[in-house]
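**Student:** Take a look at input_7.txt, compact mmCIF, C-alpha atoms (C1' of nucleotides):
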```
# COMPACT_ATOMS: atom_id res chain seq x y z
CA MET A 4 0.00 0.00 0.00
CA GLU A 5 1.79 3.09 -1.17
CA THR A 6 -0.33 5.65 0.63
CA ASN A 7 1.71 4.84 3.68
CA ASP A 8 4.86 5.76 1.81
CA PHE A 9 3.36 9.12 0.99
CA ILE A 10 2.31 9.71 4.57
CA HIS A 11 5.77 8.86 5.67
CA ILE A 12 7.31 11.29 3.22
CA LEU A 13 5.10 14.11 4.46
CA THR A 14 5.44 13.53 8.19
CA GLU A 15 9.17 13.19 7.82
CA LYS A 16 9.29 16.74 6.47
CA GLY A 17 6.87 18.12 9.02
CA LEU A 18 4.07 18.66 6.52
CA LYS A 19 0.46 18.01 7.32
CA ILE A 20 -1.25 15.11 5.67
CA THR A 21 -3.96 16.34 3.34
CA PRO A 22 -5.81 14.53 0.58
CA GLN A 23 -4.49 17.06 -1.93
CA ARG A 24 -0.88 16.41 -1.06
CA LEU A 25 -1.37 12.68 -1.21
CA ALA A 26 -3.03 13.06 -4.59
CA VAL A 27 -0.16 15.17 -5.90
CA LEU A 28 2.37 12.62 -4.71
CA ASP A 29 0.36 9.89 -6.38
CA ALA A 30 0.15 11.88 -9.61
CA LEU A 31 3.90 12.46 -9.57
CA ARG A 32 4.50 8.78 -9.15
CA ARG A 33 2.29 7.96 -12.11
CA LEU A 34 3.55 10.75 -14.35
CA HIS A 35 7.23 9.99 -13.64
CA ASN A 36 8.21 11.94 -16.75
CA HIS A 37 9.06 15.41 -15.54
CA PRO A 38 5.52 16.71 -15.60
CA THR A 39 4.43 20.30 -15.76
CA PRO A 40 2.16 21.70 -13.03
CA ASP A 41 -0.69 21.55 -15.51
CA GLN A 42 -0.15 17.86 -16.18
CA VAL A 43 -0.05 17.17 -12.47
CA CYS A 44 -3.24 19.13 -11.97
CA ARG A 45 -5.09 17.23 -14.69
CA MET A 46 -3.95 13.93 -13.29
CA VAL A 47 -4.99 14.90 -9.78
CA LYS A 48 -8.39 16.05 -11.01
CA SER A 49 -9.26 12.59 -12.19
CA SER A 50 -9.43 11.43 -8.60
CA HIS A 51 -9.97 14.76 -6.94
CA PRO A 52 -11.99 17.06 -9.23
CA HIS A 53 -12.09 20.11 -7.00
CA ILE A 54 -8.41 20.79 -6.61
CA ALA A 55 -7.36 24.28 -7.63
CA ILE A 56 -4.41 24.92 -9.90
CA GLY A 57 -3.08 27.36 -7.32
CA THR A 58 -2.98 24.56 -4.78
CA VAL A 59 -0.99 22.42 -7.17
CA TYR A 60 1.55 25.19 -7.64
CA LYS A 61 1.80 25.75 -3.92
CA THR A 62 2.11 22.07 -3.20
CA LEU A 63 4.85 21.55 -5.78
CA GLU A 64 6.74 24.55 -4.50
CA THR A 65 6.48 23.28 -0.94
CA PHE A 66 7.81 19.91 -2.03
CA VAL A 67 10.78 21.55 -3.72
CA GLU A 68 11.55 23.53 -0.57
CA LYS A 69 11.44 20.33 1.47
CA GLY A 70 13.61 18.46 -0.99
CA ILE A 71 10.94 16.00 -2.06
CA LEU A 72 11.14 17.21 -5.66
CA LYS A 73 13.55 19.07 -7.87
CA LYS A 74 12.87 21.50 -10.64
CA VAL A 75 14.17 20.42 -13.99
CA LYS A 76 16.01 23.09 -15.94
CA THR A 77 14.57 23.75 -19.37
CA ASP A 78 14.90 26.40 -22.01
CA GLY A 79 11.16 26.40 -22.51
CA ASP A 80 8.79 28.54 -20.58
CA VAL A 81 7.11 26.10 -18.24
CA MET A 82 8.31 24.52 -15.06
CA ARG A 83 8.86 20.82 -14.90
CA TYR A 84 9.41 18.70 -11.84
CA ASP A 85 11.45 15.65 -11.12
CA ASP A 86 10.53 13.19 -8.43
CA VAL A 87 13.55 10.97 -8.68
CA PRO A 88 15.76 11.58 -5.70
CA HIS A 89 19.15 10.13 -6.51
CA CYS A 90 21.74 11.51 -8.86
CA HIS A 91 20.99 11.11 -12.51
CA HIS A 92 21.20 12.99 -15.75
CA HIS A 93 18.79 14.02 -18.47
CA LEU A 94 18.44 13.27 -22.14
CA TYR A 95 16.90 16.23 -23.96
CA CYS A 96 15.35 15.54 -27.34
CA ALA A 97 15.91 18.23 -29.94
CA ASP A 98 12.79 17.20 -31.85
CA SER A 99 10.31 17.26 -29.00
CA GLN A 100 9.73 18.33 -25.43
CA ARG A 101 10.71 14.92 -24.22
CA ILE A 102 13.14 14.66 -21.33
CA GLU A 103 14.24 11.25 -20.10
CA ASP A 104 16.26 10.22 -17.10
CA TYR A 105 19.67 8.80 -17.67
CA PHE A 106 21.35 6.73 -14.99
CA ASP A 107 25.01 5.82 -15.32
CA ASP A 108 27.08 4.94 -12.30
CA GLU A 109 30.26 4.61 -14.29
CA LEU A 110 29.80 8.15 -15.51
CA ASN A 111 29.03 9.39 -12.00
CA ALA A 112 32.19 7.85 -10.69
CA LEU A 113 34.19 9.39 -13.50
CA LEU A 114 32.81 12.86 -12.85
CA ASP A 115 33.13 12.55 -9.13
CA ASP A 116 36.74 11.64 -9.52
CA TYR A 117 37.37 14.39 -12.03
CA PHE A 118 35.99 17.19 -9.88
CA LYS A 119 37.71 15.90 -6.81
CA ARG A 120 40.97 16.31 -8.64
CA LYS A 121 40.23 19.47 -10.53
CA GLN A 122 39.37 22.50 -8.47
CA ILE A 123 37.38 25.31 -10.01
CA PRO A 124 38.64 28.69 -8.78
CA ASN A 125 36.23 30.42 -6.38
CA PHE A 126 33.61 27.75 -6.74
CA ASN A 127 32.58 24.82 -4.56
CA VAL A 128 30.93 22.06 -6.52
CA ASP A 129 27.86 20.46 -4.93
CA GLU A 130 26.71 18.29 -7.77
CA VAL A 131 27.10 17.88 -11.48
CA ARG A 132 24.25 17.14 -13.83
CA LEU A 133 24.61 16.37 -17.49
CA HIS A 134 22.28 17.76 -20.09
CA ILE A 135 22.69 15.36 -22.94
CA ASN A 136 21.22 16.89 -26.06
CA GLY A 137 20.36 14.76 -29.05
CA ARG A 138 17.59 12.74 -30.61
CA PHE A 139 15.64 9.63 -29.85
CA VAL A 140 15.83 7.12 -32.67
CA GLY A 141 14.15 3.94 -33.80
CA GLU A 142 11.71 3.12 -31.06
CA MET B 19 35.94 48.12 -35.46
CA GLU B 20 33.50 45.54 -34.30
CA THR B 21 30.44 46.78 -36.18
CA ASN B 22 31.89 45.00 -39.17
CA ASP B 23 31.90 41.76 -37.25
CA PHE B 24 28.23 42.23 -36.50
CA ILE B 25 27.40 42.98 -40.12
CA HIS B 26 29.26 39.89 -41.12
CA ILE B 27 27.34 37.74 -38.65
CA LEU B 28 24.03 39.02 -39.98
CA THR B 29 24.73 38.79 -43.71
CA GLU B 30 26.15 35.34 -43.24
CA LYS B 31 22.77 34.22 -41.92
CA GLY B 32 20.76 36.06 -44.55
CA LEU B 33 19.42 38.63 -42.11
CA LYS B 34 18.97 42.25 -42.96
CA ILE B 35 21.24 44.77 -41.31
CA THR B 36 19.25 47.02 -39.05
CA PRO B 37 20.35 49.39 -36.33
CA GLN B 38 18.27 47.42 -33.83
CA ARG B 39 19.98 44.15 -34.59
CA LEU B 40 23.40 45.72 -34.43
CA ALA B 41 22.47 47.26 -31.09
CA VAL B 42 21.27 43.91 -29.76
CA LEU B 43 24.50 42.22 -30.85
CA ASP B 44 26.47 44.99 -29.20
CA ALA B 45 24.45 44.66 -25.99
CA LEU B 46 25.00 40.90 -25.96
CA ARG B 47 28.71 41.41 -26.31
CA ARG B 48 28.78 43.82 -23.41
CA LEU B 49 26.45 41.84 -21.18
CA HIS B 50 28.26 38.53 -21.79
CA ASN B 51 26.64 37.09 -18.70
CA HIS B 52 23.60 35.20 -19.94
CA PRO B 53 21.33 38.20 -19.96
CA THR B 54 17.56 38.17 -19.85
CA PRO B 55 15.57 39.87 -22.63
CA ASP B 56 14.83 42.68 -20.23
CA GLN B 57 18.51 43.28 -19.50
CA VAL B 58 19.27 43.32 -23.21
CA CYS B 59 16.45 45.77 -23.79
CA ARG B 60 17.67 48.16 -21.11
CA MET B 61 21.22 48.04 -22.44
CA VAL B 62 20.03 48.68 -25.99
CA LYS B 63 17.89 51.58 -24.86
CA SER B 64 20.93 53.49 -23.66
CA SER B 65 22.03 53.93 -27.26
CA HIS B 66 18.73 53.41 -28.96
CA PRO B 67 15.91 54.68 -26.74
CA HIS B 68 13.00 53.84 -29.01
CA ILE B 69 13.45 50.12 -29.30
CA ALA B 70 10.40 48.09 -28.29
CA ILE B 71 10.61 45.15 -25.95
CA GLY B 72 8.74 43.08 -28.54
CA THR B 73 11.49 43.79 -31.03
CA VAL B 74 14.08 42.56 -28.59
CA TYR B 75 12.17 39.32 -28.06
CA LYS B 76 11.78 38.83 -31.80
CA THR B 77 15.41 39.62 -32.47
CA LEU B 78 16.68 37.22 -29.82
CA GLU B 79 14.38 34.49 -31.08
CA THR B 80 15.58 35.05 -34.63
CA PHE B 81 19.17 34.81 -33.49
CA VAL B 82 18.47 31.51 -31.75
CA GLU B 83 16.85 30.14 -34.92
CA LYS B 84 19.90 31.15 -36.93
CA GLY B 85 22.30 29.68 -34.41
CA ILE B 86 23.83 32.99 -33.37
CA LEU B 87 22.68 32.50 -29.78
CA LYS B 88 21.59 29.69 -27.54
CA LYS B 89 19.03 29.64 -24.84
CA VAL B 90 20.40 28.78 -21.44
CA LYS B 91 18.38 26.25 -19.48
CA THR B 92 17.26 27.46 -16.08
CA ASP B 93 14.78 26.42 -13.47
CA GLY B 94 13.65 29.97 -13.03
CA ASP B 95 10.95 31.63 -15.00
CA VAL B 96 12.83 33.91 -17.35
CA MET B 97 14.72 33.17 -20.53
CA ARG B 98 18.41 33.77 -20.64
CA TYR B 99 20.64 33.83 -23.66
CA ASP B 100 24.18 32.78 -24.32
CA ASP B 101 26.30 34.35 -27.00
CA VAL B 102 29.33 32.13 -26.64
CA PRO B 103 29.55 29.84 -29.61
CA HIS B 104 31.91 27.06 -28.68
CA CYS B 105 31.32 24.21 -26.31
CA HIS B 106 31.38 25.14 -22.65
CA HIS B 107 29.56 24.41 -19.45
CA HIS B 108 27.82 26.42 -16.79
CA LEU B 109 28.34 27.03 -13.11
CA TYR B 110 25.03 27.63 -11.35
CA CYS B 111 25.16 29.37 -8.01
CA ALA B 112 22.73 28.05 -5.41
CA ASP B 113 22.71 31.37 -3.57
CA SER B 114 21.96 33.68 -6.47
CA GLN B 115 20.81 33.84 -10.04
CA ARG B 116 24.38 33.92 -11.20
CA ILE B 117 25.42 31.64 -14.04
CA GLU B 118 29.03 31.61 -15.21
CA ASP B 119 30.67 29.97 -18.17
CA TYR B 120 33.07 27.16 -17.51
CA PHE B 121 35.61 26.15 -20.12
CA ASP B 122 37.57 22.97 -19.72
CA ASP B 123 39.12 21.22 -22.69
CA GLU B 124 40.37 18.34 -20.63
CA LEU B 125 36.83 17.70 -19.47
CA ASN B 126 35.48 18.01 -22.99
CA ALA B 127 37.93 15.45 -24.24
CA LEU B 128 37.02 13.11 -21.41
CA LEU B 129 33.31 13.36 -22.13
CA ASP B 130 33.76 13.10 -25.84
CA ASP B 131 35.72 9.96 -25.38
CA TYR B 132 33.25 8.53 -22.90
CA PHE B 133 30.21 8.97 -25.09
CA LYS B 134 32.01 7.69 -28.13
CA ARG B 135 32.59 4.48 -26.24
CA LYS B 136 29.32 4.25 -24.38
CA GLN B 137 26.22 4.12 -26.52
CA ILE B 138 22.89 5.17 -25.05
CA PRO B 139 20.10 2.92 -26.32
CA ASN B 140 17.75 4.66 -28.78
CA PHE B 141 19.49 7.97 -28.44
CA ASN B 142 22.01 9.82 -30.59
CA VAL B 143 24.08 12.28 -28.62
CA ASP B 144 24.72 15.65 -30.24
CA GLU B 145 26.35 17.45 -27.39
CA VAL B 146 26.79 17.25 -23.67
CA ARG B 147 26.61 20.21 -21.35
CA LEU B 148 27.36 20.15 -17.69
CA HIS B 149 25.29 21.97 -15.15
CA ILE B 150 27.64 22.36 -12.26
CA ASN B 151 25.68 23.34 -9.19
CA GLY B 152 27.41 24.86 -6.20
CA ARG B 153 28.45 28.13 -4.65
CA PHE B 154 30.83 30.91 -5.42
CA VAL B 155 33.22 31.54 -2.57
CA GLY B 156 35.71 34.14 -1.43
CA GLU B 157 35.74 36.69 -4.18
C1' DA C 27 9.39 47.17 -55.88
C1' DT C 28 9.68 43.58 -52.90
C1' DT C 29 10.58 41.65 -48.92
C1' DG C 30 11.50 41.93 -44.39
C1' DC C 31 11.71 44.59 -39.92
C1' DT C 32 10.03 47.71 -36.27
C1' DG C 33 7.02 49.82 -32.87
C1' DC C 34 3.08 49.66 -30.49
C1' DA C 35 -0.49 47.74 -27.97
C1' DA C 36 -3.38 44.15 -26.98
C1' DA C 37 -3.71 39.45 -25.86
C1' DC C 38 -2.04 35.24 -23.83
C1' DT C 39 0.06 31.94 -20.78
C1' DC C 40 2.05 30.64 -16.77
C1' DT C 41 2.61 31.58 -12.04
C1' DT C 42 1.90 33.98 -7.65
C1' DT C 43 -0.83 36.17 -4.13
C1' DG C 44 -4.54 37.49 -0.71
C1' DC C 45 -7.87 36.03 1.97
C1' DA C 46 -12.01 33.71 3.93
C1' DA C 47 -13.42 29.20 4.97
C1' DG C 48 -12.15 24.70 6.11
C1' DT C 49 -8.65 20.93 7.96
C1' DT C 50 -5.18 18.84 10.57
C1' DC C 51 -2.83 17.99 14.73
C1' DG D 9 -7.85 26.04 19.39
C1' DA D 10 -3.64 27.15 17.03
C1' DA D 11 -1.44 26.66 13.04
C1' DC D 12 -1.62 25.30 8.59
C1' DT D 13 -3.90 24.30 4.09
C1' DT D 14 -7.31 24.90 0.46
C1' DG D 15 -10.13 27.07 -3.18
C1' DC D 16 -11.10 30.83 -5.61
C1' DA D 17 -10.42 34.75 -8.13
C1' DA D 18 -7.73 38.50 -9.16
C1' DA D 19 -3.33 40.28 -10.13
C1' DG D 20 1.36 39.96 -11.91
C1' DA D 21 5.19 38.84 -14.79
C1' DG D 22 7.04 37.43 -18.92
C1' DT D 23 6.30 36.52 -23.63
C1' DT D 24 3.90 36.39 -28.11
C1' DT D 25 1.12 38.22 -31.76
C1' DG D 26 -1.19 41.27 -35.31
C1' DC D 27 -0.70 44.80 -38.07
C1' DA D 28 0.21 49.36 -40.19
C1' DG D 29 4.06 51.94 -41.41
C1' DC D 30 8.96 51.99 -42.38
C1' DA D 31 13.57 50.44 -43.90
C1' DA D 32 16.77 47.43 -46.36
C1' DT D 33 18.06 45.12 -50.49
```
Take the structure in the file and write it out as structure tokens.

**Tutor:**
Amino acid sequence: METNDFIHILTEKGLKITPQRLAVLDALRRLHNHPTPDQVCRMVKSSHPHIAIGTVYKTLETFVEKGILKKVKTDGDVMRYDDVPHCHHHLYCADSQRIEDYFDDELNALLDDYFKRKQIPNFNVDEVRLHINGRFVGE
Amino acid sequence: METNDFIHILTEKGLKITPQRLAVLDALRRLHNHPTPDQVCRMVKSSHPHIAIGTVYKTLETFVEKGILKKVKTDGDVMRYDDVPHCHHHLYCADSQRIEDYFDDELNALLDDYFKRKQIPNFNVDEVRLHINGRFVGE
DNA sequence: ATTGCTGCAAACTCTTTGCAAGTTC
DNA sequence: GAACTTGCAAAGAGTTTGCAGCAAT
């Protein structure tokens, strides 16, 4: 039963348990593809028709502040959110708005090693994320 | 005399030479720090008070289409533009909106090599950009 | 002369905010 | 009951669009 997971996530961060927040968490789990607030809202509405778009925005923003979500950087004009917690990279398709996760431990190790060795003047590195631009083919 | 450079850039792309475009190119050169359309507009207005913000947006968009500029990906809500043509990465400061260029040929070679070796299923890589998140210190 | 560009203003989209009413702890 | 959360609607910010007049080739 995954509702318990959601409750755990919220209590852990000191947030109150509300049906709206649970529904947003559920929507994020189903939409696992860097959804926009609008996509989240539509998904939530299917189970919870009265939710307001403003509530979705506030909820997502709260989750970012608490570290439950991250914003995904885009060069478009809408926000997109990422619910995957551990370090990964993104594949950006030049032909569409598609953004996919890319996991690669070998690469992570390589980068980790590189930036441990190489210091950047006046800058402390927290984390490194790759934006891999290209095209999806033959699927 | 750098106006000639600007004229060359425009004619090369089949764009007409207008005072506004030259002024935008000049502003981009001076602002070399991933400016927003609004910053570009204010800079241009100092030499060219009658330019319209709409013109700046259209000009920047045209330049992106022609490959003169790139959009910088952010998780904020404003566009930012990058006038540096060759491959480089970005340092994102967690404490401010600051974004700095980061050049590192050794790193580029490493990545190039890595992705030549490692194929990503169903995806052709065009280019890889690092988003290096952290903090500027002691300046 | 033709084609393309600019300025202006209105329209649009996405996001944030204020607040009264309702929930959670 | 205190503190927080929601829904709603209005406001705000950033960006795009339509079009008449103007400028570049």

**Student:** Determine, counting all atoms listed in the file, every residue of protein, DNA or RNA that lies within 9 Å of (13.1, 9.3, -14.9) in the file coordinates, then give the result as a list in words.

**Tutor:**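 Checking each residue against the 9 Å limit leaves His35, Asn36, His37, Asp85, Asp86, Val87, His91, His92, His93, Ile102, Glu103, Asp104, Tyr105 and Phe106 of chain A.
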
**Student:** Within 7 Å of chain A, which residues of chain B come that close, and what is the closest atom pair and distance in Å for each? Count all atoms listed in the file and give it as CSV.

**Tutor:**
```
residue,atom,partner,partner_atom,distance
B:Lys89,CA,A:Asp78,CA,6.0
B:Val90,CA,A:Asp78,CA,6.0
B:Lys91,CA,A:Asp78,CA,4.3
B:Thr92,CA,A:Lys76,CA,4.5
B:Asp93,CA,A:Lys76,CA,4.3
B:Asp95,CA,A:Asp80,CA,6.7
B:Met97,CA,A:Asp78,CA,6.9
B:Asn140,CA,A:Val140,CA,5.0
B:Phe141,CA,A:Phe139,CA,4.4
B:Asn142,CA,A:Arg138,CA,5.3
B:Val143,CA,A:Gly137,CA,4.5
B:Asp144,CA,A:Gly137,CA,4.6
B:Glu145,CA,A:Asn136,CA,5.3
B:Val146,CA,A:Ile135,CA,4.6
B:Arg147,CA,A:His134,CA,5.1
B:Leu148,CA,A:Leu133,CA,4.7
B:His149,CA,A:Arg132,CA,5.1
B:Ile150,CA,A:Val131,CA,4.6
B:Asn151,CA,A:Glu130,CA,5.3
B:Gly152,CA,A:Val128,CA,4.5
B:Arg153,CA,A:Asn127,CA,5.3
B:Phe154,CA,A:Phe126,CA,4.4
B:Val155,CA,A:Asn125,CA,5.0
B:Gly156,CA,A:Asn125,CA,6.2
B:Glu157,CA,A:Asn125,CA,6.7
```

**Student:** Write out, as a PDB file, keeping the file's coordinate frame, the residues just selected, with C-alpha atoms.

**Tutor:**
```pdb
ATOM      1  CA  LYS B  89      19.030  29.640 -24.840  1.00  0.00           C
ATOM      2  CA  VAL B  90      20.400  28.780 -21.440  1.00  0.00           C
ATOM      3  CA  LYS B  91      18.380  26.250 -19.480  1.00  0.00           C
ATOM      4  CA  THR B  92      17.260  27.460 -16.080  1.00  0.00           C
ATOM      5  CA  ASP B  93      14.780  26.420 -13.470  1.00  0.00           C
ATOM      6  CA  ASP B  95      10.950  31.630 -15.000  1.00  0.00           C
ATOM      7  CA  MET B  97      14.720  33.170 -20.530  1.00  0.00           C
ATOM      8  CA  ASN B 140      17.750   4.660 -28.780  1.00  0.00           C
ATOM      9  CA  PHE B 141      19.490   7.970 -28.440  1.00  0.00           C
ATOM     10  CA  ASN B 142      22.010   9.820 -30.590  1.00  0.00           C
ATOM     11  CA  VAL B 143      24.080  12.280 -28.620  1.00  0.00           C
ATOM     12  CA  ASP B 144      24.720  15.650 -30.240  1.00  0.00           C
ATOM     13  CA  GLU B 145      26.350  17.450 -27.390  1.00  0.00           C
ATOM     14  CA  VAL B 146      26.790  17.250 -23.670  1.00  0.00           C
ATOM     15  CA  ARG B 147      26.610  20.210 -21.350  1.00  0.00           C
ATOM     16  CA  LEU B 148      27.360  20.150 -17.690  1.00  0.00           C
ATOM     17  CA  HIS B 149      25.290  21.970 -15.150  1.00  0.00           C
ATOM     18  CA  ILE B 150      27.640  22.360 -12.260  1.00  0.00           C
ATOM     19  CA  ASN B 151      25.680  23.340  -9.190  1.00  0.00           C
ATOM     20  CA  GLY B 152      27.410  24.860  -6.200  1.00  0.00           C
ATOM     21  CA  ARG B 153      28.450  28.130  -4.650  1.00  0.00           C
ATOM     22  CA  PHE B 154      30.830  30.910  -5.420  1.00  0.00           C
ATOM     23  CA  VAL B 155      33.220  31.540  -2.570  1.00  0.00           C
ATOM     24  CA  GLY B 156      35.710  34.140  -1.430  1.00  0.00           C
ATOM     25  CA  GLU B 157      35.740  36.690  -4.180  1.00  0.00           C
TER      26      GLU B 157
END
```

**Student:** If you take only C-alpha atoms (C1' of nucleotides) and a cut-off of 10 Å, which residues of chain C touch chain A, and what are their nearest atom pairs and distances in Å to one decimal, in chain and number order, as a Markdown table?

**Tutor:**
```
| residue | atom | partner | partner_atom | distance |
| --- | --- | --- | --- | --- |
| C:DT39 | C1' | A:Asp80 | CA | 9.4 |
| C:DC40 | C1' | A:Val81 | CA | 7.0 |
| C:DT41 | C1' | A:Tyr60 | CA | 7.8 |
| C:DT42 | C1' | A:Gly57 | CA | 8.3 |
| C:DT43 | C1' | A:Gly57 | CA | 9.6 |
| C:DT49 | C1' | A:Thr21 | CA | 8.0 |
| C:DT50 | C1' | A:Lys19 | CA | 6.6 |
| C:DC51 | C1' | A:Lys19 | CA | 8.1 |
```

**Student:** Write out as a list in words every residue belonging to chain D that has an atom at most 9 Å from any atom of chain A, counting only C-alpha atoms (C1' of nucleotides).

**Tutor:**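 Using only C-alpha atoms (C1' of nucleotides), chain D residues at most 9 Å from chain A: DC12, DT13, DT14, DG15, DC16 and DT23 of chain D.
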
**Student:** Of the candidates D:DA10, D:DA32, D:DA19, D:DC27, which one gets nearest to DG33 (chain C) if we count only C-alpha atoms (C1' of nucleotides)?

**Tutor:** D:DC27

**Student:** Quick one: pull the distance between CA of Ser65 (chain B) and CA of Ala45 (chain B), Å, one decimal.

**Tutor:**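 CA of Ala45 (chain B) lies 9.7 Å from CA of Ser65 (chain B).
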
**Student:** Suppose you want the space between CA of Val43 (chain A) and CA of Asp98 (chain A); what is it in Å?

**Tutor:**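 According to the coordinates, CA of Val43 (chain A) and CA of Asp98 (chain A) are separated by 23.2 Å.
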
**Student:** Work out how far apart CA of Pro103 (chain B) and CA of Val82 (chain B) are and give it in Å to one decimal.

**Tutor:**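 Distance reported for this atom pair: 11.4 Å.
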
**Student:** Could you write region 27-34 of chain A as a PDB file, keeping the file's coordinate frame, with all heavy atoms rebuilt where they are missing?

**Tutor:**
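What ended up in result_0.pdb:
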```
ATOM      1  N   VAL A  27      -1.263  14.655  -5.085  1.00  0.00           N
ATOM      2  CA  VAL A  27      -0.160  15.170  -5.900  1.00  0.00           C
ATOM      3  C   VAL A  27       0.997  14.170  -5.902  1.00  0.00           C
ATOM      4  O   VAL A  27       1.587  13.893  -6.949  1.00  0.00           O
ATOM      5  CB  VAL A  27       0.312  16.546  -5.388  1.00  0.00           C
ATOM      6  CG1 VAL A  27       1.628  16.949  -6.028  1.00  0.00           C
ATOM      7  CG2 VAL A  27      -0.745  17.606  -5.685  1.00  0.00           C
ATOM      8  N   LEU A  28       1.295  13.609  -4.756  1.00  0.00           N
ATOM      9  CA  LEU A  28       2.370  12.620  -4.710  1.00  0.00           C
ATOM     10  C   LEU A  28       2.034  11.421  -5.596  1.00  0.00           C
ATOM     11  O   LEU A  28       2.895  10.914  -6.327  1.00  0.00           O
ATOM     12  CB  LEU A  28       2.596  12.144  -3.272  1.00  0.00           C
ATOM     13  CG  LEU A  28       3.306  13.140  -2.361  1.00  0.00           C
ATOM     14  CD1 LEU A  28       3.303  12.648  -0.921  1.00  0.00           C
ATOM     15  CD2 LEU A  28       4.743  13.387  -2.832  1.00  0.00           C
ATOM     16  N   ASP A  29       0.788  11.006  -5.546  1.00  0.00           N
ATOM     17  CA  ASP A  29       0.360   9.890  -6.380  1.00  0.00           C
ATOM     18  C   ASP A  29       0.484  10.232  -7.856  1.00  0.00           C
ATOM     19  O   ASP A  29       0.998   9.451  -8.659  1.00  0.00           O
ATOM     20  CB  ASP A  29      -1.094   9.546  -6.032  1.00  0.00           C
ATOM     21  CG  ASP A  29      -1.571   8.335  -6.808  1.00  0.00           C
ATOM     22  OD1 ASP A  29      -0.919   7.269  -6.675  1.00  0.00           O
ATOM     23  OD2 ASP A  29      -2.557   8.443  -7.549  1.00  0.00           O
ATOM     24  N   ALA A  30       0.062  11.444  -8.218  1.00  0.00           N
ATOM     25  CA  ALA A  30       0.150  11.880  -9.610  1.00  0.00           C
ATOM     26  C   ALA A  30       1.607  11.915 -10.073  1.00  0.00           C
ATOM     27  O   ALA A  30       1.944  11.483 -11.180  1.00  0.00           O
ATOM     28  CB  ALA A  30      -0.472  13.261  -9.777  1.00  0.00           C
ATOM     29  N   LEU A  31       2.486  12.397  -9.209  1.00  0.00           N
ATOM     30  CA  LEU A  31       3.900  12.460  -9.570  1.00  0.00           C
ATOM     31  C   LEU A  31       4.452  11.065  -9.807  1.00  0.00           C
ATOM     32  O   LEU A  31       5.239  10.844 -10.726  1.00  0.00           O
ATOM     33  CB  LEU A  31       4.698  13.139  -8.466  1.00  0.00           C
ATOM     34  CG  LEU A  31       4.494  14.641  -8.347  1.00  0.00           C
ATOM     35  CD1 LEU A  31       5.047  15.150  -7.040  1.00  0.00           C
ATOM     36  CD2 LEU A  31       5.167  15.344  -9.520  1.00  0.00           C
ATOM     37  N   ARG A  32       4.004  10.137  -8.979  1.00  0.00           N
ATOM     38  CA  ARG A  32       4.500   8.780  -9.150  1.00  0.00           C
ATOM     39  C   ARG A  32       4.034   8.192 -10.485  1.00  0.00           C
ATOM     40  O   ARG A  32       4.774   7.518 -11.181  1.00  0.00           O
ATOM     41  CB  ARG A  32       4.051   7.892  -7.996  1.00  0.00           C
ATOM     42  CG  ARG A  32       4.453   6.441  -8.197  1.00  0.00           C
ATOM     43  CD  ARG A  32       4.582   5.670  -6.917  1.00  0.00           C
ATOM     44  NE  ARG A  32       5.469   6.310  -5.959  1.00  0.00           N
ATOM     45  CZ  ARG A  32       5.777   5.776  -4.770  1.00  0.00           C
ATOM     46  NH1 ARG A  32       5.275   4.607  -4.415  1.00  0.00           N
ATOM     47  NH2 ARG A  32       6.594   6.396  -3.959  1.00  0.00           N
ATOM     48  N   ARG A  33       2.796   8.500 -10.852  1.00  0.00           N
ATOM     49  CA  ARG A  33       2.290   7.960 -12.110  1.00  0.00           C
ATOM     50  C   ARG A  33       2.882   8.665 -13.323  1.00  0.00           C
ATOM     51  O   ARG A  33       3.065   8.061 -14.375  1.00  0.00           O
ATOM     52  CB  ARG A  33       0.781   8.148 -12.210  1.00  0.00           C
ATOM     53  CG  ARG A  33      -0.021   7.291 -11.253  1.00  0.00           C
ATOM     54  CD  ARG A  33      -1.405   7.858 -11.179  1.00  0.00           C
ATOM     55  NE  ARG A  33      -2.195   7.214 -10.157  1.00  0.00           N
ATOM     56  CZ  ARG A  33      -3.244   6.424 -10.431  1.00  0.00           C
ATOM     57  NH1 ARG A  33      -3.596   6.218 -11.678  1.00  0.00           N
ATOM     58  NH2 ARG A  33      -3.908   5.872  -9.464  1.00  0.00           N
ATOM     59  N   LEU A  34       3.114   9.958 -13.186  1.00  0.00           N
ATOM     60  CA  LEU A  34       3.550  10.750 -14.350  1.00  0.00           C
ATOM     61  C   LEU A  34       5.073  10.737 -14.517  1.00  0.00           C
ATOM     62  O   LEU A  34       5.575  11.373 -15.425  1.00  0.00           O
ATOM     63  CB  LEU A  34       3.080  12.193 -14.211  1.00  0.00           C
ATOM     64  CG  LEU A  34       1.583  12.426 -14.369  1.00  0.00           C
ATOM     65  CD1 LEU A  34       1.212  13.826 -13.909  1.00  0.00           C
ATOM     66  CD2 LEU A  34       1.169  12.241 -15.817  1.00  0.00           C
TER      67      LEU A  34
END
```
